[in-house]
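The structure appears right after this line, and notes come after that.
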Protein chains: 2
Amino acid sequence: MGKKQYKFSSKAVDCYFDADFSLLEKLVSQENAIIITDDNIASIYKETFKGWKVIAIKPGEKNKQQSTVDHVISELIKLQADRETFIIGIGGGVITDIAGYTASVYMRGIKFAFLPTTILAMVDAAIGGKNGVDVGVYKNLIGTIRHPEFLLYDYSFLKTLPKEEWINGFAEIIKHACIKDAAMFELLANNSIEEFQNSPAKVAELIKRNADIKYNVVSGDEFETGERKLLNFGHTLGHAIENIYKLPHGSAISIGMAAACKISETINDFSATDGKRVIDLLKKYKLPVYLKFDKEKVWKVLLMDKKKAGDTMNFVLLNKIGEGIVKQIRLHQLKELFNQVRKKFAKSPLGDLGV
Amino acid sequence: MGKKQYKFSSKAVDCYFDADFSLLEKLVSQENAIIITDDNIASIYKETFKGWKVIAIKPGEKNKQQSTVDHVISELIKLQADRETFIIGIGGGVITDIAGYTASVYMRGIKFAFLPTTILAMVDAAIGGKNGVDVGVYKNLIGTIRHPEFLLYDYSFLKTLPKEEWINGFAEIIKHACIKDAAMFELLANNSIEEFQNSPAKVAELIKRNADIKYNVVSGDEFETGERKLLNFGHTLGHAIENIYKLPHGSAISIGMAAACKISETINDFSATDGKRVIDLLKKYKLPVYLKFDKEKVWKVLLMDKKKAGDTMNFVLLNKIGEGIVKQIRLHQLKELFNQVRKKFAKSPLGDLGV
């Protein structure tokens with residue numbers, strides 16, 4: 001087991017890498033703790049969770065809405081949760097978002113921790129303090145920024161992770177490579193999802209590396225006034241299409257990254273060769289790279305993006321592989337750029353990587 | 001006009017005392033601002049608000065629920081509010097709580113300010129950063145602590161304030177006197193609600209004095225680990241009965257203060273003479289001092305009080321008039337103490353000050 005402390009302006013978060021679930025009862029009092037998880041995990045790990053109080057919610061992004069938070073709150077009341085209660089979110093990004101948000105507003109904030117069970121949550125969602133819910137199709141429109149007390153990484157949970165969830169998680173790993181880590185881009189290009197799946201040591205190292213990238217970006221800019229915006233690479237179009245087309249988050253941002261690469265080629269001297277390499281890597285990890293989207297529907301959702309400021313959008317482009325950059329783009333220009341991308345998408349050959 | 005800056009750990013709040021509504025457009029851009037108020041105020045001040053975007057919600061504590069926040073959020077989306085949007089809460093405590101909470105979670109936090117229009121909001125609710133909503137009968141179970149950018153006090157709004165709202169506000173003023181300011185207790189005893197209502201200068205001075213008391217307590221203990229708990233005087237029983245019996249907040253905490261005085265006499269050497277003086281002052285300001293409550297119903301709600309920690313409650317007692325103290329009381333003892341108070345309430349003569 002490797003313990004590492006991630007320091008943020010408001011607090012320090014202890015990260016227990018390569019740990020075991022059994023560590024949990026040494027970190028929190030079982031009496032005060034309440035696990036928040038989803039029905040799938042609650043059912044698979046019924047024996048593991050014996051002795052713990054558990055609130056299980058319906059799985060999936062479509063349930064990441066206020067109504068689910070309302071339900072969790074009513075369950076907390078039934079369990080007479082008070083300010084000494086410690087919430088443990090066990091699951092993927094939907095669970096860490098909902099558990100972190102509920103804990104942040106229940107009695108004006110109680111303590112919480114995460115045990116991320118998906119690649120995506122391990123490398124991204126559980127780190128950095130952002131939490132919240134969608135409002136209908138609008139992604140993460142409501143939430144707070146508040147850090148957990150600790151993160152416990154028990155990789156044995158990955159044994160039951162469905163293949164599509166591995167794919168989902170690699171989208172965020174590829175994102176990190178694109179904006180920050182050219183060497184990791186090569187590592188990914190020289191490997192495959194199956195090789196990582198079959199090598200616990202390799203995947204543990206990759207998760208740790210990505211958790212460090214996320215942490216390093218966030219710790220320098222906790223409230224997203226500068227570098228943290230880079231993490232939104234692929235997330236502008238990605239978030240706009242995700243809930244409209246009910247796409248997995250990884251698929252949505254993969255399509256968003258492909259679009260952002262094309263836009264980077266058009267307005268930012270990003271080379272077509274590098275552009276092709278990104279697209280090829282996304283495809284290699286079974287991620288879709290285009291979508292014939294409805295331009296007006298998508299634009300309407302995109303206008304509610306949190307990255308919009310007045311009549312400009314903070315948009316992430318690539319200079320080269322391993323180096324992202326944030327540019328303010330006027331909304332009318334961005335709309336035109338997306339329409340061009342959309343035309344390119346429409347010409348793409350139909351195949352199993354399209355949606 | 002008098003400007004004063006209140007400094008908290010996370011930010012400084014500018015307070016404009018004795019200001020005019022017209023100052024607002026100098027402090028925020030009308031284009032970016034959205035006023036959140038209630039139907040009553042929106043209708044009375046329709047002309048005043050001309051040129052401003054307004055979201056009006058139904059008035060009253062019974063609407064201080066998540067469903068109202070959900071509604072405000074959908075209105076914000078319709079108005080395409082983004083991170084540059086500035087929320088202005090104009091109203092009493094329900095409005096400042098809802099506006100502050102919505103602004104704290106919308107897009108993970110946008111800027112906001114308050115223009116309190118009731119005595120209660122001016123001396124209490126608008127100051128200190130606490131915001132949130134009730135969950136059914138449970139008071140303020142959900143919320144955050146986040147400060148407004150500024151407070152604008154335009155006393156002319158008091159001209160349209162109903163008498164019962166004056167009474168409501170004086171409950172918090174008497175609370176401040178009991179826990180912190182014996183001299184103000186004398187001032188209140190030597191005056192009456194009508195005298196304050198008829199003297200704008202007197203009421204302005206009183207409001208400023210109470211805002212300072214609240215600020216001084218909160219600034220030293222923003223996250224309520226110590227002295228801020230004193231502000232909960234009368235609020236334990238008060239919060240438990242408020243929503244069950246649909247009492248105005250001032251009436252509920254007045255009954256709570258009367259009960260806390262009796263408990264202070266029993267377990268804290270608070271003199272019966274001082275106890276009688278508090279009761280007499282509450283009555284003088286037309287506040288009720290007893291209620292024949294349902295003990296099991298009330299106890300059930302009381303168990304969800306945020307001041308509960310495990311099997312004890314942080315309960316505010318008086319040492320003497322002008323000096324409050326927080327004591328941890330075991331729940332079983334507190335239940336017994338409340339039952340004794342309840343018996344005394346049941347013996348009280350029925351009169352226009354009972355409920």
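Identifiers for the structure tokens are assigned positionally: chains receive A, B, ... in sequence, residues are indexed from 1 per chain, and ligands are indexed from 1 in the order shown.
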
Within 7 Å of chain A, which residues of chain B show up when using only C-alpha atoms, listed as a list in words?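 Result: Gln80, Asp82, Arg83, Glu84, Val105, Tyr106, Met107, Arg108, Gly109, Leu141, Ile142, Gly143, Thr144, Ile145, Met304, Lys306, Lys308, Ala309 and Gly310 of chain B.
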
Just want the 8 Å neighbourhood of Asp39 of chain B, counted on only C-alpha atoms, with same-chain residues fewer than 2 positions away dropped. Output as an mmCIF file with C-alpha atoms, in the first residue's frame.
data_model
loop_
_atom_site.group_PDB
_atom_site.id
_atom_site.type_symbol
_atom_site.label_atom_id
_atom_site.label_comp_id
_atom_site.auth_asym_id
_atom_site.auth_seq_id
_atom_site.Cartn_x
_atom_site.Cartn_y
_atom_site.Cartn_z
ATOM 1 C CA THR B 37 -37.606 38.064 -4.465
ATOM 2 C CA ILE B 41 -42.324 42.351 -2.789
ATOM 3 C CA ALA B 42 -42.323 41.973 -6.582
ATOM 4 C CA SER B 43 -45.852 43.325 -6.672
ATOM 5 C CA ALA B 56 -40.330 35.965 -7.934
ATOM 6 C CA ILE B 57 -41.140 32.965 -5.759
ATOM 7 C CA LYS B 58 -44.072 32.239 -3.465
ATOM 8 C CA PRO B 59 -43.614 33.856 -0.039
#

Tell me, which residues of segment 26-260 of chain B carry DSSP helix (DSSP H, G or I), written as a VMD selection string? chain B and resid 26 to 27 39 to 44 61 to 63 66 to 78 93 to 105 119 to 125 155 to 160 163 to 180 182 to 189 193 to 197 200 to 219 227 to 232 235 to 242 249 to 260

Might you pull out every residue within 9 Å of segment 260-276 of chain B, with only C-alpha atoms counted and same-chain residues fewer than 3 positions away left off, and present them as a PyMOL selection string? chain B and resi 233-234+236-237+255-257+279-281+315-321+337-338+340-341

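Between atom CA of Thr312 of chain B and atom CA of Leu331 of chain B lies a distance of 5.2 Å.
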
List as a PyMOL selection string the protein and nucleic acid residues near Thr48 of chain A, meaning an atom at most 12 Å away when only C-alpha atoms are counted, but skip any in the same chain fewer than 2 places from it. chain A and resi 20-22+24-25+35+41-46+50-54+90+156-157

I'd like the neighbourhood of Gly220 of chain A as a list in words, where a residue qualifies if any of its atoms comes within 12 Å (using only C-alpha atoms), though same-chain residues fewer than 4 positions away should be ignored.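 Within the cut-off, the hits are Tyr6, Lys7, Phe8, Ser9, Gly128, Ile213, Lys214, Tyr215, Asn216, Glu224, Thr225, Gly226, Glu227, Arg228 and Lys229 of chain A.
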
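What separates atom CA of Ser251 of chain B from atom CA of Leu287 of chain B is a distance of 5.8 Å.
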
Atom CA of Ile87 of chain A to atom CA of His147 of chain A, straight-line distance in Å: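 These atoms are spaced 12.3 Å apart.
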
Which polymer residues have any atom within 8 Å of an atom of Ile95 of chain B, counting only C-alpha atoms, with same-chain residues fewer than 6 positions away left out, as JSON, numbers by chain? {"B": [36, 37, 38, 89]}

Store the residues of this selection in a file with all heavy atoms, as a tab-separated table (two decimals), in the first residue's frame.
chain	number	residue	atom	x	y	z
B	36	ILE	N	-33.78	37.96	-7.07
B	36	ILE	CA	-34.67	36.90	-6.57
B	36	ILE	C	-35.45	37.51	-5.40
B	36	ILE	O	-34.86	38.05	-4.47
B	36	ILE	CB	-33.89	35.65	-6.13
B	36	ILE	CG1	-33.15	35.05	-7.33
B	36	ILE	CG2	-34.82	34.62	-5.49
B	36	ILE	CD1	-32.33	33.81	-7.02
B	37	THR	N	-36.76	37.47	-5.51
B	37	THR	CA	-37.61	38.06	-4.46
B	37	THR	C	-38.88	37.24	-4.34
B	37	THR	O	-38.99	36.18	-4.96
B	37	THR	CB	-37.89	39.55	-4.78
B	37	THR	OG1	-38.52	40.16	-3.66
B	37	THR	CG2	-38.78	39.72	-6.01
B	38	ASP	N	-39.85	37.71	-3.51
B	38	ASP	CA	-41.10	36.96	-3.45
B	38	ASP	C	-42.23	37.76	-4.12
B	38	ASP	O	-42.06	38.94	-4.45
B	38	ASP	CB	-41.45	36.53	-2.01
B	38	ASP	CG	-41.79	37.69	-1.10
B	38	ASP	OD1	-42.37	38.69	-1.56
B	38	ASP	OD2	-41.48	37.59	0.11
B	89	GLY	N	-30.60	38.94	-3.81
B	89	GLY	CA	-31.75	38.49	-3.02
B	89	GLY	C	-32.40	39.67	-2.33
B	89	GLY	O	-31.75	40.33	-1.52

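When DSSP is run on the backbone, the residues of segment 77-164 of chain A that fall into strand (DSSP E) are Phe86, Ile87, Ile88, Gly89, Ile90, Gly91, Lys111, Phe112, Ala113, Phe114, Leu115, Pro116, Val133, Asp134, Val135, Tyr138, Lys139, Asn140, Leu141, Ile142, Phe150, Leu151 and Leu152 of chain A.
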
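Residue nearest Lys344 of chain A, chosen from A:Lys4, A:Lys292, A:Lys64, A:Lys180 and counting only C-alpha atoms: A:Lys292.
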
Taking only C-alpha atoms into account, name the residue in A:Val217, A:Ala258, A:Leu302, A:Leu27 that is nearest to Ala240 of chain A.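 Nearest candidate to Ala240 of chain A out of A:Val217, A:Ala258, A:Leu302, A:Leu27: A:Leu302.
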
Which residues are near Gly60 of chain A? Cut-off 12 Å, only C-alpha atoms, ignore same chain within fewer than 5 positions. Put them as a list in words.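 Contacts, with the query itself left out: Thr37, Asp38, Asp39, Asn40, Ile41, Gln65, Thr68, Gly91, Gly92, Gly93, Val94, Ile95, Asp97, Ile98, Val133, Asp134, Glu165, Asn243, Lys246, Leu247, Pro248 and His249 of chain A.
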
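Checking A:Ile119, A:Ile174, A:Ala346, A:Leu206 one by one against Pro162 of chain A, counting only C-alpha atoms, you find the shortest gap at A:Ile119.
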
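Distances here use only C-alpha atoms; by that measure, the residue among B:Ile110, B:Glu31, B:Ala171, B:Arg209 closest to Phe17 of chain B is B:Arg209.
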
Pick from A:Ala182, A:Phe345, A:Ile127, A:Phe114 nearest to Ser219 of chain A, counting only C-alpha atoms: A:Ile127
